[in-house]
Amino acid sequence: MLKIAKYIVLDIVRSKVLIAYTLLLLAISLAIFMADADVTKGLVSITTVIMIIVPLVSIVYATTYYFNAAEFTELLVSQPISRKNILMGKFIGIGSSVLVAFVIGICIPVVIFAFSATGLTLMISGCLLTLSFVSLAFLTSTLTRDKAKGIGLALMLWFYFSILFDGLVLLFLYSFADYPLEKAMIVLAALNPIDLARILILLQLDISALMGYTGALYQQFFGSGAGVAFSLGMQALWIGVPLLLALRVFKKKDL
Amino acid sequence: MEKIIEIEGLKKAFGKLQVLKGIGCAFERGGVVSILGPNASGKTTLIKSILGMVVPDEGTILFKGKPVINTFNYKRHIGYMPQIGRYPDNMKIGQLFRMVMDIRQEDTALDTDLLKEYKLESMYHKTMRTLSGGTLQKVSAALAFMFNPDVLILDEPSAGLDPFAAEALKEKIIDEKMKGRLVLVTSHILSEADEISDNILYLIEGQISFYKSLHTLKDETGEHKLSKALTKFLNLQEC
């Protein structure tokens with residue numbers, strides 16, 4: 001399993017696409033920190049940017065790589081290795097590469113310029129977000145046979161989680177405005193890994209006071225130790241569940 | 001003779017298309033079995049089922065007496081040469097061989113006959129992307145024979161190989177047979193099948209049309225050439 005991961009990492013390093021992604025993240029975070037002396041503002045800006053870029057690049061890159069390495073998978077399946085090890089090896093290889101890009105591009109500048117509880121939350125949520133979208137990419141790649149369909153599905157998922165979902169939540173709020181929805185909102189937030197990460201980071205910034213009554217409830221829930229644990233646990237589920245589903249599909253897949 | 005692969009009631013459908021409709025046969029050690037049949041008769045699907053690349057809908061496959069569907073350890077006794085060898089683009093030939101050795105981790109001595117015969121060692125630094133179709137086939141062949149497997153599965157081995165390389169492969173196949181290995185070959189080139197086969201498995205539309213030794217087939221039809229014997233036999237069957 002780790003051997004497969006090793007060969008995938010070697011291959012990814014040779015292809016240079018991820019190096020460009022690392023440099024992009026690095027440029028964004030350095031530019032934001034250099035431009036503004038107020039690191040808290042910097043962290044908010046970085047949060048806004050990474051909530052869009054990180055999921056997009058993670059899911060599209062992982063899907064593309066998965067399909068480009070289809071030959072490699074075929075070769076491995078004819079060797080004495082279980083399918084589970086093949087898929088997990090791929091996940092470790094691709095996941096760790098994208099994660100290293102995030103660590104170098106975002107985490108290191110944050111540690112240097114703005115190391116605080118907020119910075120730490122941002123780093124952890126960003127890492128979990130990266131892995132959950134790589135995991136979703138594995139699900140889309142195993143479900144489809146065709147590269148174009150796979151990438152299309154990946155883009156649709158990203159579009160859903162980063163744009164459509166918020167619209168649907170708003171619609172839900174307006175439709176049921178006469179009912180107490182605070183608890184329901186917490187459940188809804190858990191259904192989207194991007195929202196989970198965003199809420200966790202914003203609550204660390206004490207600007208939740210601007211978010212009204214729901215914000216106060218979020219503060220009470222997600223601000224508590226149990227709330228943080230719940231949120232991190234849900235993000236971990238967003239990594240584990242799609243990967244397990246992908247594994248189930250892959251075990252029965254014809255190559 | 002010891003039966004090394006036994007297949008029973010194997011069925012597989014891709015969507016609505018039933019590709020294998022209940023295949024049952026057994027292969028013994030020390031022989032070359034040619035799997036013949038028209039296009040889309042299920043040859044590659046049968047081979048891929050044995051290799052576990054395609055998961056059959058029904059039926060059992062026994063390898064040395066043990067059921068193998070959804071397992072993987074038996075694959076260390078199989079060498080597979082695909083119809084079109086496709087390998088990671090950025091990898092070099094040498095890296096590919098080293099990687100497969102690393103993954104298989106076998107203690108047995110490596111069989112480098114074909115590696116030497118095809119002079120692949122001098123091409124170790126070439127990337128897979130830059131190789132011609134024929135060279136890729138040579139790489140696939142060398143890889144299949146490398147780990148001294150008990151069973152060799154070759155899918156259209158000579159397609160794309162130059163005549164000398166094809167000849168070398170043929171000799172290698174006969175060598176391995178003499179060592180008591182089972183070689184399964186699919187092919188469209190009947191003259192080649194005629195030279196190397198002991199048994200012929202003929203598939204039509206996902207069913208076994210016949211499974212006979214080459215001798216029996218020739219005796220029954222009174223022909224000396226496989227191609228003629230085959231045509232005559234199939235005509236007789238239709239009547």
# chains A, B, ... in the order shown; residues from 1 in each chain; ligands from 1
$ interface_residues --of "chain B" --to "chain A" --cutoff "6 Å" --atoms "only C-alpha atoms" --output "PyMOL selection string"
chain B and resi 53-54+72-73+75-76+86-88
$ write_last_selection --atoms "C-alpha atoms" --output "compact mmCIF listing (two decimals), in the first residue's frame"
# COMPACT_ATOMS: atom_id res chain seq x y z
CA MET B 53 -9.72 -7.73 -13.67
CA VAL B 54 -13.33 -8.44 -14.54
CA PHE B 72 -5.43 -11.81 -5.09
CA ASN B 73 -2.65 -14.04 -3.78
CA LYS B 75 -1.86 -13.77 -9.04
CA ARG B 76 1.74 -14.27 -7.99
CA ARG B 86 -0.35 0.56 -21.22
CA TYR B 87 1.98 1.86 -18.57
CA PRO B 88 2.43 5.10 -16.61
$ residues_around --residues "Arg181 (chain B)" --least-positions-apart "5" --cutoff "6 Å" --atoms "only C-alpha atoms" --output "PyMOL selection string"
chain B and resi 29-30+150-151+176
$ select_by_dssp --residues "region 174-212 of chain A" --states "alpha helix (DSSP H)" --output "compact mmCIF listing (two decimals) with C-alpha atoms, in the first residue's frame"
# COMPACT_ATOMS: atom_id res chain seq x y z
CA TYR A 174 -37.03 31.71 3.84
CA SER A 175 -39.52 28.91 3.34
CA GLU A 182 -31.38 27.17 14.85
CA LYS A 183 -30.82 23.48 15.58
CA ALA A 184 -31.67 22.57 12.01
CA MET A 185 -29.04 25.03 10.83
CA ILE A 186 -26.34 23.19 12.74
CA VAL A 187 -27.38 19.93 11.10
CA LEU A 188 -27.45 21.64 7.69
CA ALA A 189 -23.96 23.05 8.20
CA ALA A 190 -22.67 19.54 8.92
CA PRO A 193 -17.55 20.23 4.50
CA ILE A 194 -16.84 23.75 3.21
CA ASP A 195 -19.43 25.30 5.55
CA LEU A 196 -18.03 23.33 8.48
CA ALA A 197 -14.55 24.67 7.84
CA ARG A 198 -15.76 28.21 7.25
CA ILE A 199 -17.91 28.37 10.41
CA LEU A 200 -15.12 26.95 12.54
CA ILE A 201 -12.62 29.54 11.29
CA LEU A 202 -14.99 32.54 11.41
CA LEU A 203 -16.08 31.73 14.95
CA GLN A 204 -12.48 31.91 16.05
CA GLY A 212 -27.28 37.70 14.30
$ atom_distance --atom1 "CA of Leu96 (chain B)" --atom2 "CA of Ser158 (chain B)"
21.5 Å
$ residues_around --residues "Gln137 (chain B)" --least-positions-apart "3" --cutoff "7 Å" --atoms "only C-alpha atoms" --output "MDAnalysis selection string"
chainID B and resid 85 133:134 140:141 161
$ residues_around --residues "Tyr21 (chain A)" --least-positions-apart "2" --cutoff "10 Å" --atoms "only C-alpha atoms" --output "NGL selection string"
:A and (16-19 or 23-27 or 53-54 or 57-58 or 61 or 98 or 101-102 or 105)
$ select_by_dssp --residues "region 37-114 of chain B" --states "strand (DSSP E)" --output "VMD selection string"
chain B and resid 58 to 63 66 to 67 78 to 81
$ atom_distance --atom1 "CA of Lys11 (chain B)" --atom2 "CA of Gly37 (chain B)"
17.3 Å
$ residues_around --residues "Pro55 (chain A)" --least-positions-apart "4" --cutoff "12 Å" --atoms "only C-alpha atoms" --output "JSON, numbers by chain"
{"A": [48, 49, 50, 51, 59, 60, 61, 62, 98, 99, 102, 125, 126, 127, 128, 129, 130, 131, 132, 133, 134, 135, 136, 137, 154, 155, 156, 157, 158, 159, 160, 161, 162, 163, 192, 193, 194, 195, 197]}
$ atom_distance --atom1 "CA of Phe113 (chain A)" --atom2 "CA of Gly227 (chain A)"
27.4 Å
$ residues_around --residues "Asp111 (chain B)" --least-positions-apart "5" --cutoff "7 Å" --atoms "only C-alpha atoms" --output "PyMOL selection string"
chain B and resi 145-148
$ closest_residue --among "B:Leu10, B:Leu217, B:Pro82, B:Glu117" --to "Glu167 (chain B)" --atoms "only C-alpha atoms"
B:Glu117
$ decode --residues "region 11-26 of chain B" --atoms "N, CA and C atoms" --output "mmCIF file, in the first residue's frame"
data_model
loop_
_atom_site.group_PDB
_atom_site.id
_atom_site.type_symbol
_atom_site.label_atom_id
_atom_site.label_comp_id
_atom_site.auth_asym_id
_atom_site.auth_seq_id
_atom_site.Cartn_x
_atom_site.Cartn_y
_atom_site.Cartn_z
ATOM 1 N N LYS B 11 -20.398 -16.679 -16.024
ATOM 2 C CA LYS B 11 -21.267 -15.774 -16.783
ATOM 3 C C LYS B 11 -20.877 -14.345 -16.505
ATOM 4 N N LYS B 12 -20.934 -13.519 -17.542
ATOM 5 C CA LYS B 12 -20.642 -12.111 -17.356
ATOM 6 C C LYS B 12 -21.403 -11.292 -18.383
ATOM 7 N N ALA B 13 -22.057 -10.243 -17.906
ATOM 8 C CA ALA B 13 -22.747 -9.335 -18.815
ATOM 9 C C ALA B 13 -22.222 -7.934 -18.597
ATOM 10 N N PHE B 14 -22.015 -7.201 -19.687
ATOM 11 C CA PHE B 14 -21.718 -5.777 -19.585
ATOM 12 C C PHE B 14 -23.007 -5.049 -19.962
ATOM 13 N N GLY B 15 -23.705 -4.528 -18.989
ATOM 14 C CA GLY B 15 -25.007 -3.935 -19.253
ATOM 15 C C GLY B 15 -25.950 -5.018 -19.745
ATOM 16 N N LYS B 16 -26.537 -4.808 -20.921
ATOM 17 C CA LYS B 16 -27.469 -5.805 -21.442
ATOM 18 C C LYS B 16 -26.755 -6.878 -22.253
ATOM 19 N N LEU B 17 -25.510 -6.584 -22.610
ATOM 20 C CA LEU B 17 -24.788 -7.495 -23.493
ATOM 21 C C LEU B 17 -24.190 -8.661 -22.700
ATOM 22 N N GLN B 18 -24.716 -9.859 -22.965
ATOM 23 C CA GLN B 18 -24.194 -11.050 -22.278
ATOM 24 C C GLN B 18 -22.920 -11.496 -23.014
ATOM 25 N N VAL B 19 -21.756 -11.321 -22.378
ATOM 26 C CA VAL B 19 -20.499 -11.625 -23.062
ATOM 27 C C VAL B 19 -20.093 -13.083 -22.857
ATOM 28 N N LEU B 20 -20.182 -13.547 -21.631
ATOM 29 C CA LEU B 20 -19.907 -14.962 -21.357
ATOM 30 C C LEU B 20 -21.212 -15.620 -20.915
ATOM 31 N N LYS B 21 -21.549 -16.736 -21.585
ATOM 32 C CA LYS B 21 -22.849 -17.367 -21.283
ATOM 33 C C LYS B 21 -22.653 -18.751 -20.696
ATOM 34 N N GLY B 22 -21.945 -18.833 -19.599
ATOM 35 C CA GLY B 22 -21.782 -20.135 -18.973
ATOM 36 C C GLY B 22 -20.623 -20.910 -19.551
ATOM 37 N N ILE B 23 -19.395 -20.496 -19.198
ATOM 38 C CA ILE B 23 -18.201 -21.185 -19.689
ATOM 39 C C ILE B 23 -17.754 -22.193 -18.628
ATOM 40 N N GLY B 24 -17.448 -23.392 -19.056
ATOM 41 C CA GLY B 24 -16.919 -24.390 -18.125
ATOM 42 C C GLY B 24 -15.798 -25.165 -18.788
ATOM 43 N N CYS B 25 -14.594 -25.124 -18.198
ATOM 44 C CA CYS B 25 -13.488 -25.870 -18.779
ATOM 45 C C CYS B 25 -12.378 -25.983 -17.737
ATOM 46 N N ALA B 26 -11.376 -26.808 -18.026
ATOM 47 C CA ALA B 26 -10.262 -26.966 -17.089
ATOM 48 C C ALA B 26 -8.963 -26.979 -17.884
#
